[in-house]
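Q: my_file.txt (compact mmCIF, C-alpha atoms) pasted underneath:
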# COMPACT_ATOMS: atom_id res chain seq x y z
CA MET L 29 -72.59 -132.02 -8.57
CA LYS L 30 -75.61 -130.04 -9.38
CA ASN L 31 -75.76 -128.28 -12.75
CA ILE L 32 -76.85 -124.71 -12.73
CA ASN L 33 -79.50 -124.28 -15.33
CA ILE L 34 -79.69 -120.82 -16.75
CA ASN L 35 -83.13 -120.16 -17.94
CA LEU L 36 -82.19 -119.06 -21.44
CA PRO L 37 -83.69 -120.10 -24.74
CA ARG L 38 -81.60 -122.85 -26.28
CA LYS L 39 -80.61 -120.81 -29.28
CA TYR L 40 -78.94 -118.09 -27.12
CA LYS L 41 -76.92 -120.49 -25.01
CA PRO L 42 -74.01 -120.70 -27.52
CA LEU L 43 -73.67 -116.89 -27.27
CA LEU L 44 -72.64 -117.14 -23.63
CA PHE L 45 -68.94 -117.80 -24.36
CA PRO L 46 -68.38 -114.95 -26.85
CA LEU L 47 -70.34 -112.64 -24.60
CA GLY L 48 -68.19 -113.70 -21.69
CA VAL L 49 -65.06 -112.97 -23.74
CA ILE L 50 -66.32 -109.52 -24.60
CA VAL L 51 -67.17 -108.78 -20.97
CA VAL L 52 -63.72 -109.95 -19.84
CA ILE L 53 -62.04 -107.85 -22.52
CA LEU L 54 -64.00 -104.77 -21.59
CA ALA L 55 -63.41 -105.29 -17.89
CA SER L 56 -59.68 -105.87 -18.46
CA THR L 57 -59.43 -102.85 -20.70
CA PHE L 58 -60.94 -100.59 -18.09
CA THR L 59 -58.87 -101.98 -15.22
CA VAL L 60 -55.50 -103.27 -16.38
CA GLY L 61 -55.38 -101.10 -19.48
CA MET L 62 -56.23 -97.84 -17.79
CA THR L 63 -53.96 -98.51 -14.83
CA ALA L 64 -51.11 -99.42 -17.14
CA PHE L 65 -51.78 -96.34 -19.25
CA ASP L 66 -51.73 -94.09 -16.18
CA LYS L 67 -48.51 -95.70 -15.04
CA LEU L 68 -47.03 -95.23 -18.48
CA GLN L 69 -47.93 -91.55 -18.45
CA GLU L 70 -46.33 -91.20 -15.04
CA VAL L 71 -43.14 -92.94 -16.16
CA ARG L 72 -43.09 -90.89 -19.36
CA SER L 73 -43.27 -87.69 -17.35
CA LYS L 74 -40.46 -88.92 -15.06
CA ILE L 75 -38.37 -89.71 -18.13
CA ASN L 76 -38.95 -86.19 -19.45
CA ASN L 77 -37.90 -84.73 -16.10
CA PHE L 78 -34.78 -86.86 -16.00
CA GLU L 79 -33.91 -85.89 -19.56
CA GLN L 80 -34.28 -82.20 -18.72
CA SER L 81 -32.33 -82.57 -15.49
CA ASN L 82 -29.56 -84.49 -17.26
CA ARG L 83 -29.32 -81.82 -19.94
CA ASN L 84 -29.00 -79.13 -17.22
CA LEU L 85 -26.42 -81.16 -15.36
CA GLU L 86 -24.36 -81.79 -18.49
CA GLU L 87 -24.43 -78.09 -19.39
CA LYS L 88 -23.51 -77.15 -15.83
CA ARG L 89 -20.68 -79.71 -15.66
CA ASP L 90 -19.26 -78.60 -19.01
CA TYR L 91 -19.46 -74.90 -18.10
CA LEU L 92 -17.94 -75.36 -14.64
CA ALA L 93 -15.18 -77.53 -16.10
CA THR L 94 -14.12 -74.65 -18.38
CA LEU L 95 -13.79 -72.19 -15.47
CA SER L 96 -10.45 -71.77 -13.80
CA GLN L 97 -10.50 -72.11 -10.02
CA ASP L 98 -7.70 -69.51 -9.65
CA GLU L 99 -9.47 -67.02 -11.88
CA LEU L 100 -12.72 -67.47 -9.97
CA SER L 101 -10.92 -67.02 -6.64
CA LYS L 102 -9.38 -63.77 -7.90
CA GLN L 103 -12.71 -62.49 -9.21
CA SER L 104 -14.42 -63.43 -5.97
CA GLU L 105 -11.75 -61.56 -4.00
CA VAL L 106 -12.23 -58.49 -6.20
CA ALA L 107 -16.01 -58.66 -5.79
CA THR L 108 -15.86 -59.05 -2.02
CA SER L 109 -13.32 -56.23 -1.76
CA ALA L 110 -15.77 -53.96 -3.59
CA ILE L 111 -18.60 -54.89 -1.23
CA PRO L 112 -17.22 -56.45 1.95
CA ALA L 113 -19.01 -59.30 3.68
CA GLU L 114 -18.78 -57.60 7.06
CA GLU L 115 -19.58 -54.19 8.44
CA SER L 116 -16.01 -53.06 8.97
CA THR L 117 -15.78 -49.47 10.14
CA MET L 118 -12.06 -49.82 10.76
CA LEU L 119 -11.57 -50.74 7.15
CA LEU L 120 -13.48 -47.66 6.03
CA LEU L 121 -11.59 -45.40 8.38
CA ALA L 122 -8.27 -46.79 7.17
CA SER L 123 -9.38 -46.52 3.58
CA LEU L 124 -10.51 -42.88 3.87
CA LYS L 125 -7.40 -41.92 5.81
CA SER L 126 -5.22 -43.49 3.18
CA LEU L 127 -7.12 -41.77 0.36
CA ALA L 128 -6.87 -38.43 2.14
CA ASN L 129 -3.10 -38.90 2.60
CA SER L 130 -2.54 -39.84 -1.00
CA SER L 131 -4.64 -36.88 -2.20
CA ASN L 132 -2.86 -34.39 0.08
CA VAL L 133 -5.94 -33.33 1.99
CA SER L 134 -6.39 -33.35 5.73
CA VAL L 135 -9.38 -34.97 7.43
CA SER L 136 -10.81 -32.61 10.01
CA ASP L 137 -13.97 -34.44 10.96
CA PHE L 138 -15.16 -37.99 10.65
CA ASN L 139 -18.33 -39.75 11.80
CA LEU L 140 -20.02 -43.03 11.07
CA ALA L 141 -23.59 -44.24 11.36
CA PRO L 142 -24.80 -47.71 10.43
CA GLY L 143 -27.62 -47.85 7.93
CA ASP L 144 -30.41 -50.40 7.62
CA ARG L 145 -28.83 -53.66 8.79
CA LYS L 146 -31.80 -55.74 7.69
CA ALA L 147 -31.86 -54.49 4.11
CA SER L 148 -32.13 -57.32 1.63
CA SER L 149 -29.76 -55.64 -0.81
CA ALA L 150 -26.48 -53.86 -0.02
CA ARG L 151 -26.51 -52.48 3.52
CA PRO L 152 -25.25 -48.90 3.77
CA ILE L 153 -22.88 -47.34 6.28
CA LYS L 154 -23.33 -43.58 6.39
CA ILE L 155 -20.09 -41.66 6.72
CA GLY L 156 -19.62 -37.95 7.24
CA VAL L 157 -16.16 -36.62 6.38
CA SER L 158 -14.83 -33.09 6.28
CA ILE L 159 -11.60 -32.46 4.48
CA SER L 160 -9.45 -29.40 3.81
CA GLY L 161 -7.03 -28.83 1.00
CA SER L 162 -6.55 -27.16 -2.33
CA LEU L 163 -9.19 -27.52 -5.04
CA THR L 164 -6.95 -29.86 -7.05
CA SER L 165 -6.38 -32.07 -3.99
CA THR L 166 -10.11 -32.09 -3.24
CA LEU L 167 -10.90 -33.13 -6.80
CA SER L 168 -8.22 -35.80 -6.56
CA PHE L 169 -9.81 -37.05 -3.30
CA ILE L 170 -13.25 -37.25 -4.99
CA ASP L 171 -11.71 -39.13 -7.89
CA SER L 172 -9.90 -41.57 -5.62
CA LEU L 173 -13.11 -42.19 -3.63
CA LYS L 174 -14.76 -43.35 -6.81
CA SER L 175 -11.91 -45.54 -7.88
CA SER L 176 -11.00 -47.33 -4.66
CA TYR L 177 -12.17 -50.26 -2.58
CA PRO L 178 -14.68 -50.59 -0.98
CA LEU L 179 -17.41 -49.09 -3.21
CA MET L 180 -18.47 -45.67 -1.93
CA ARG L 181 -21.13 -43.30 -3.14
CA ILE L 182 -21.10 -39.59 -2.40
CA SER L 183 -24.65 -38.73 -1.43
CA LYS L 184 -24.08 -35.12 -0.45
CA LEU L 185 -21.24 -32.72 -1.00
CA GLY L 186 -20.62 -29.15 0.09
CA PHE L 187 -17.64 -26.79 -0.42
CA THR L 188 -16.57 -23.72 1.44
CA VAL L 189 -13.88 -21.80 -0.35
CA SER L 190 -11.55 -19.41 1.46
CA GLN L 191 -8.37 -18.02 -0.09
CA ASN L 192 -6.46 -21.04 -1.41
CA ASN L 193 -8.17 -23.56 0.80
CA VAL L 194 -11.33 -25.56 0.09
CA ARG L 195 -13.18 -27.18 2.97
CA SER L 196 -15.42 -29.96 1.74
CA ASP L 197 -18.11 -31.77 3.67
CA PHE L 198 -18.96 -35.17 2.30
CA SER L 199 -21.83 -37.50 3.10
CA ILE L 200 -20.67 -40.86 1.82
CA ASP L 201 -22.46 -44.19 1.70
CA SER L 202 -20.33 -47.27 1.84
CA TYR L 203 -21.90 -50.72 1.51
CA TRP L 204 -21.55 -54.21 2.86
CA SER L 205 -23.59 -57.35 2.58
CA PRO L 206 -23.24 -60.85 4.04
CA LEU L 207 -22.12 -63.51 1.61
CA PRO L 208 -24.81 -65.82 0.23
CA THR L 209 -25.14 -68.82 2.52
CA THR L 210 -27.33 -71.12 0.48
CA ILE L 211 -26.36 -72.78 -2.73
CA SER L 212 -29.00 -74.05 -5.12
CA SER L 213 -29.58 -77.76 -5.68
CA THR L 214 -27.13 -79.57 -7.95
CA ASP L 215 -29.42 -79.79 -10.96
CA THR L 216 -30.55 -76.15 -10.90
CA PRO L 217 -29.18 -74.37 -13.97
CA LEU L 218 -26.39 -71.86 -13.33
CA GLN L 219 -27.01 -68.17 -13.73
CA ASN L 220 -24.12 -67.39 -16.05
CA LEU L 221 -22.57 -63.96 -15.89
CA ARG L 222 -23.71 -61.86 -18.83
CA SER L 223 -21.27 -59.72 -20.80
CA SER L 224 -22.45 -56.60 -18.91
CA ASP L 225 -21.71 -58.42 -15.63
CA GLN L 226 -18.26 -59.36 -16.91
CA GLN L 227 -17.64 -55.71 -17.86
CA LEU L 228 -18.70 -54.60 -14.39
CA LEU L 229 -16.42 -57.21 -12.86
CA THR L 230 -13.53 -55.88 -14.95
CA ARG L 231 -14.43 -52.37 -13.77
CA LEU L 232 -14.38 -53.56 -10.15
CA GLY L 233 -11.02 -55.20 -10.80
CA GLU L 234 -9.63 -51.85 -11.91
CA LEU L 235 -10.46 -50.23 -8.56
CA LYS L 236 -7.44 -49.48 -6.45
CA LYS L 237 -6.76 -50.87 -3.04
CA PRO L 238 -5.89 -47.99 -0.66
CA ALA L 239 -2.24 -48.13 0.35
CA SER L 240 -2.86 -48.89 4.01
CA LEU L 241 -5.03 -51.88 3.07
CA THR L 242 -2.13 -53.58 1.37
CA TYR L 243 -0.53 -55.70 4.03
CA THR L 244 2.97 -57.05 3.78
CA VAL L 245 3.73 -60.26 5.59
CA LEU L 246 6.62 -59.76 7.94
CA GLN L 247 9.31 -62.38 7.98
CA PRO L 248 9.76 -64.04 11.39
CA GLN L 249 12.73 -62.68 13.25
CA GLY L 250 14.72 -63.77 16.26
CA ARG L 251 14.92 -67.33 17.48
CA GLU L 252 13.26 -70.02 15.49
CA ASN L 253 11.99 -71.70 18.63
CA PRO L 254 11.27 -69.15 21.37
CA PHE L 255 11.11 -71.91 24.05
CA SER L 256 14.59 -73.23 23.45
CA TYR L 257 17.49 -71.96 25.55
CA MET J 17 -85.60 -114.24 -69.14
CA VAL J 18 -86.42 -116.68 -66.45
CA GLN J 19 -85.15 -115.76 -63.04
CA LYS J 20 -83.66 -118.50 -60.92
CA LYS J 21 -84.78 -118.58 -57.39
CA ARG J 22 -82.43 -119.91 -54.75
CA ILE J 23 -83.98 -122.11 -52.15
CA ASN J 24 -82.18 -123.01 -48.94
CA LEU J 25 -83.03 -126.53 -48.21
CA LEU J 26 -80.83 -126.83 -45.14
CA PRO J 27 -82.56 -126.84 -41.85
CA LYS J 28 -82.61 -123.48 -40.04
CA ASP J 29 -80.41 -124.84 -37.21
CA VAL J 30 -77.50 -125.41 -39.56
CA GLU J 31 -77.51 -121.82 -40.79
CA TYR J 32 -77.71 -120.61 -37.21
CA SER J 33 -74.80 -122.77 -36.08
CA GLU J 34 -72.72 -121.42 -39.01
CA LYS J 35 -73.29 -117.91 -37.73
CA LEU J 36 -72.37 -118.99 -34.25
CA ARG J 37 -69.13 -120.52 -35.50
CA PHE J 38 -68.26 -117.27 -37.24
CA LEU J 39 -69.01 -115.36 -34.05
CA LYS J 40 -66.77 -117.71 -32.08
CA LYS J 41 -63.93 -117.29 -34.56
CA THR J 42 -64.31 -113.52 -34.41
CA SER J 43 -64.30 -113.65 -30.60
CA PHE J 44 -61.04 -115.59 -30.58
CA LEU J 45 -59.56 -113.18 -33.10
CA VAL J 46 -60.56 -110.22 -30.95
CA LEU J 47 -59.11 -111.98 -27.90
CA GLY J 48 -55.90 -112.61 -29.82
CA VAL J 49 -55.66 -108.96 -30.86
CA TYR J 50 -56.42 -107.92 -27.30
CA LEU J 51 -53.73 -110.20 -25.90
CA PHE J 52 -51.29 -108.87 -28.49
CA LEU J 53 -52.07 -105.30 -27.50
CA LEU J 54 -51.79 -106.23 -23.84
CA PHE J 55 -48.34 -107.72 -24.35
CA ALA J 56 -47.36 -104.72 -26.48
CA LEU J 57 -48.45 -102.47 -23.65
CA LEU J 58 -46.45 -104.55 -21.20
CA GLY J 59 -43.48 -104.38 -23.56
CA VAL J 60 -43.71 -100.61 -23.84
CA THR J 61 -44.07 -100.33 -20.05
CA PHE J 62 -40.99 -102.49 -19.57
CA TYR J 63 -39.06 -100.34 -22.08
CA PHE J 64 -40.15 -97.16 -20.30
CA PHE J 65 -39.12 -98.52 -16.91
CA GLN J 66 -35.75 -99.56 -18.33
CA THR J 67 -35.25 -96.10 -19.85
CA GLU J 68 -36.25 -94.44 -16.60
CA SER J 69 -33.83 -96.50 -14.55
CA LYS J 70 -31.02 -95.83 -17.07
CA LEU J 71 -31.70 -92.07 -16.98
CA ALA J 72 -31.92 -92.13 -13.17
CA SER J 73 -28.51 -93.75 -12.82
CA MET J 74 -27.07 -91.31 -15.39
CA ASN J 75 -28.61 -88.48 -13.38
CA GLU J 76 -26.94 -89.72 -10.21
CA SER J 77 -23.52 -89.96 -11.82
CA LEU J 78 -23.90 -86.48 -13.39
CA LYS J 79 -24.84 -85.07 -9.98
CA GLN J 80 -21.69 -86.57 -8.53
CA GLU J 81 -19.63 -85.03 -11.34
CA VAL J 82 -21.22 -81.61 -10.79
CA ASP J 83 -20.68 -81.94 -7.04
CA GLN J 84 -16.95 -82.04 -7.71
CA TYR J 85 -17.25 -78.44 -8.93
CA ARG J 86 -19.28 -77.28 -5.93
CA ASN J 87 -16.48 -75.00 -4.81
CA LYS J 88 -16.41 -73.24 -8.18
CA GLU J 89 -20.18 -72.92 -8.09
CA GLY J 90 -19.98 -71.27 -4.66
CA LEU J 91 -17.41 -68.76 -5.92
CA LEU J 92 -19.54 -68.07 -8.98
CA LEU J 93 -22.56 -67.46 -6.74
CA THR J 94 -20.56 -65.00 -4.61
CA ILE J 95 -19.35 -63.17 -7.71
CA ALA J 96 -22.87 -62.98 -9.18
CA ASP J 97 -24.23 -61.72 -5.85
CA ARG J 98 -21.60 -58.98 -5.53
CA VAL J 99 -21.91 -57.97 -9.18
CA GLY J 100 -25.69 -57.62 -8.74
CA LEU J 101 -25.20 -55.44 -5.65
CA SER J 102 -22.52 -53.33 -7.37
CA LYS J 103 -24.88 -52.80 -10.28
CA SER J 104 -27.55 -51.41 -7.97
CA ILE J 105 -24.99 -49.14 -6.26
CA TYR J 106 -23.64 -47.85 -9.59
CA GLY J 107 -27.25 -47.29 -10.63
CA LEU J 108 -27.67 -44.74 -7.82
CA SER J 109 -26.77 -41.19 -8.73
CA ASN J 110 -23.44 -39.97 -7.49
CA THR J 111 -23.45 -36.37 -6.34
CA GLY J 112 -19.75 -35.80 -6.28
CA SER J 113 -18.64 -36.40 -9.79
CA ILE J 114 -15.53 -34.58 -10.83
CA GLU J 115 -17.27 -33.47 -14.01
CA MET J 116 -20.00 -31.79 -11.97
CA VAL J 117 -17.53 -30.01 -9.68
CA ASN J 118 -15.47 -28.94 -12.67
CA ASP J 119 -18.66 -27.77 -14.36
CA ILE J 120 -19.53 -25.55 -11.42
CA MET J 121 -16.01 -24.21 -11.05
CA SER J 122 -15.86 -23.40 -14.74
CA LEU J 123 -18.85 -21.09 -14.31
CA PHE J 124 -16.77 -18.53 -12.48
CA PRO J 125 -14.20 -16.41 -14.31
CA SER J 126 -11.20 -14.94 -12.54
CA GLY J 127 -12.26 -12.15 -10.29
CA VAL J 128 -15.15 -14.10 -8.83
CA GLU J 129 -14.51 -15.58 -5.42
CA VAL J 130 -16.53 -18.69 -4.63
CA ALA J 131 -17.50 -18.64 -0.98
CA SER J 132 -19.37 -21.93 -0.78
CA VAL J 133 -20.84 -24.66 -2.92
CA GLY J 134 -23.39 -27.06 -1.47
CA SER J 135 -26.01 -29.55 -2.54
CA LYS J 136 -29.54 -28.96 -1.27
CA GLN J 137 -31.19 -31.11 1.37
CA SER J 138 -33.82 -32.21 -1.13
CA GLY J 139 -31.02 -33.60 -3.28
CA SER J 140 -32.03 -31.63 -6.36
CA GLY J 141 -29.92 -28.61 -7.15
CA ILE J 142 -26.82 -26.85 -5.94
CA VAL J 143 -26.41 -23.55 -4.17
CA VAL J 144 -23.26 -21.55 -4.88
CA ALA J 145 -22.40 -18.41 -2.96
CA GLY J 146 -19.81 -15.98 -4.32
CA ARG J 147 -18.60 -12.42 -4.42
CA THR J 148 -16.88 -10.20 -6.95
CA SER J 149 -15.86 -6.60 -7.16
CA SER J 150 -16.13 -6.49 -10.93
CA SER J 151 -19.47 -6.13 -12.67
CA THR J 152 -17.86 -7.50 -15.86
CA ALA J 153 -16.94 -10.73 -14.03
CA LEU J 154 -20.49 -10.97 -12.72
CA LYS J 155 -21.92 -10.50 -16.22
CA GLU J 156 -19.54 -13.14 -17.58
CA THR J 157 -20.67 -15.55 -14.85
CA LEU J 158 -24.29 -15.04 -15.84
CA ASP J 159 -23.41 -15.50 -19.52
CA ARG J 160 -21.63 -18.76 -18.72
CA ILE J 161 -24.64 -20.04 -16.78
CA LYS J 162 -26.84 -19.26 -19.79
CA GLY J 163 -24.48 -21.31 -21.97
CA LYS J 164 -24.78 -24.40 -19.75
CA GLN J 165 -27.61 -26.88 -20.08
CA PHE J 166 -29.15 -26.36 -16.62
CA ASN J 167 -32.87 -26.77 -16.12
CA GLU J 168 -33.10 -23.67 -13.99
CA ALA J 169 -30.64 -21.11 -12.57
CA TRP J 170 -31.75 -18.46 -10.09
CA LEU J 171 -29.74 -15.50 -8.94
CA GLN J 172 -30.57 -14.96 -5.27
CA ASN J 173 -29.48 -12.70 -2.44
CA PHE J 174 -27.90 -10.28 -4.85
CA SER J 175 -26.44 -7.28 -3.03
CA LEU J 176 -23.79 -4.63 -3.49
CA GLY J 177 -21.62 -4.16 -0.44
CA GLU J 178 -18.30 -2.52 0.36
CA GLU J 179 -16.33 -5.48 -1.03
CA GLY J 180 -18.36 -5.66 -4.24
CA TYR J 181 -21.26 -7.77 -5.37
CA ASN J 182 -22.44 -10.64 -3.15
CA PHE J 183 -24.69 -13.23 -4.68
CA SER J 184 -25.86 -16.78 -4.45
CA LEU J 185 -26.95 -19.01 -7.32
CA ASP J 186 -29.53 -21.75 -7.11
CA ILE J 187 -28.78 -24.11 -9.97
CA ARG J 188 -30.99 -27.11 -10.86
Turn the structure described in the file into structure tokens.

A:
Amino acid sequence: MKNININLPRKYKPLLFPLGVIVVILASTFTVGMTAFDKLQEVRSKINNFEQSNRNLEEKRDYLATLSQDELSKQSEVATSAIPAEESTMLLLASLKSLANSSNVSVSDFNLAPGDRKASSARPIKIGVSISGSLTSTLSFIDSLKSSYPLMRISKLGFTVSQNNVRSDFSIDSYWSPLPTTISSTDTPLQNLRSSDQQLLTRLGELKKPASLTYTVLQPQGRENPFSY
Amino acid sequence: MVQKKRINLLPKDVEYSEKLRFLKKTSFLVLGVYLFLLFALLGVTFYFFQTESKLASMNESLKQEVDQYRNKEGLLLTIADRVGLSKSIYGLSNTGSIEMVNDIMSLFPSGVEVASVGSKQSGSGIVVAGRTSSSTALKETLDRIKGKQFNEAWLQNFSLGEEGYNFSLDIR
């Protein structure tokens, strides 16, 4: 085997090994070290994310565990009664008729016009109603409009008074909105209801359901099995 | 005082090889420290990976636990959505408040017949038309309007006919 002679002065030859060590160390530091450091940073950031996500999940789990399913169902029913999920004109008609009956006023004119169906917020239904009755009955009708399901807003109001009768022309906005269809990912923090939201929910719960909207389930009558002879 | 001079009698090669030996020792020491740091780095990396995998499995099990309450979360979302919408509806002004109607009706003393009350197309202000045969009742009406905190109140279409005074009020 042929020896490779490096043309170095004899006195520098012993420096080759330490120099080699230094070169290896430097090379390793810049390759292995830096790669490992980058990897460590990456893992550290993942750990931070996991820690944050776990904290959110624990908070969410603990909060959801304290909520009662029945209570939530009731509140959800109240909320969707206030603003229905569908554009139900029949519901509005029934509601207004029932309110008019209970307030002792007669409905002389009624018309409906859908509002902006693509609105991102609550979608209005424009209703025009004319009623006749005494002033007290009219005031009672206005009051019941504000305290009944679904939520209605009087946008325009006119009275014509003659003798003991008041004819009132109302422009009312009722609202509906489709239910939310997407639910956020599991580890997204919950948007808890604030105290003002809870108060509003209580207020919505105090609204009255018009009489005709309260259905009673009829008991089955006649034969138990209609196909038996 | 006589100063002692030190004389190195060793050959120069010996001194040089001593320095080289020291350099070698230092090199090995540096290599040792480097290897120690390298293993420490590997140790820390291993610890980090272990922690990451532990947190990841904890995350998975927490997600499963939260998923059990998905139904409640859906209901909560519906409630929050409806509450937000209700808030915006309640935030809109309501023309037909009982207080407002009562306020208008309280403007007119007995003897004044209210013919019509209506809100204006622009949405700001109310127009009330009425008639009375008594000038005292008319004066009292005007006094009552002055007592109320309206921005503006205009007496319009004022006329005296066979049935008495006819007028309309533009209240803002």

Q: With all atoms listed in the file as the atoms that count, which of L:Ser212, L:Thr117, L:Thr188, L:Ser172 lies nearest to chain J?

A: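 Closest to chain J of all the choices is L:Thr188.
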
Q: Contacts from chain J to chain L, 7 Å maximum, all atoms listed in the file: show me the residue list as a PyMOL selection string.

A: chain J and resi 40+43+61+64-65+68+71-72+75+78-79+81-83+85+88+90-92+94-96+98-99+101+110-112+114+130-135

Q: Interatomic distance between atom CA of Asp119 of chain J and atom CA of Lys164 of chain J?

A: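 Atom CA of Asp119 of chain J sits 8.8 Å away from atom CA of Lys164 of chain J.
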
Q: List as a list in words the protein and nucleic acid residues near Ala128 of chain L, meaning an atom at most 9 Å away when only C-alpha atoms are counted, but skip any in the same chain fewer than 2 places from it.

A: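 Near neighbours after the sequence-gap exclusion: Ser123, Leu124, Lys125, Ser126, Ser130, Ser131, Asn132, Val133, Ser134, Val135, Ile159, Ser165, Thr166, Phe169 and Ser172 of chain L.
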
Q: Just the number, please: distance in Å from atom CA of Arg147 of chain J to atom CA of Val128 of chain J, one decimal.

A: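 For atom CA of Arg147 of chain J relative to atom CA of Val128 of chain J, the distance reads 5.8 Å.
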
Q: Between atom CA of Ser158 of chain L and atom CA of Arg188 of chain J, what is the distance, to one decimal in Å?

A: 24.3 Å

Q: Can you pull out the residues contacting Leu123 of chain J? Cut-off 10 Å, using all atoms listed in the file, and skip same-chain residues under 3 positions away; I want them as a list in words.

A: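 The neighbour list is Asn118, Asp119, Ile120, Ser126, Val128, Glu156, Thr157, Leu158, Asp159, Arg160, Ile161, Lys162, Gly163 and Lys164 of chain J.
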
Q: Do you know which residues lie at most 10 Å from (-10.6, -4.0, -8.5), with coordinates as in the file and all atoms listed in the file counted, and could you write them as a list in words?

A: Gly127, Thr148, Ser149, Ser150, Glu179 and Gly180 of chain J

Q: Using all atoms listed in the file, which of the listed residues (J:Ile105, J:Val46, J:Ala56, J:Val30) sits closest to Pro178 of chain L?

A: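 Using all atoms listed in the file, Pro178 of chain L sits closest to J:Ile105.
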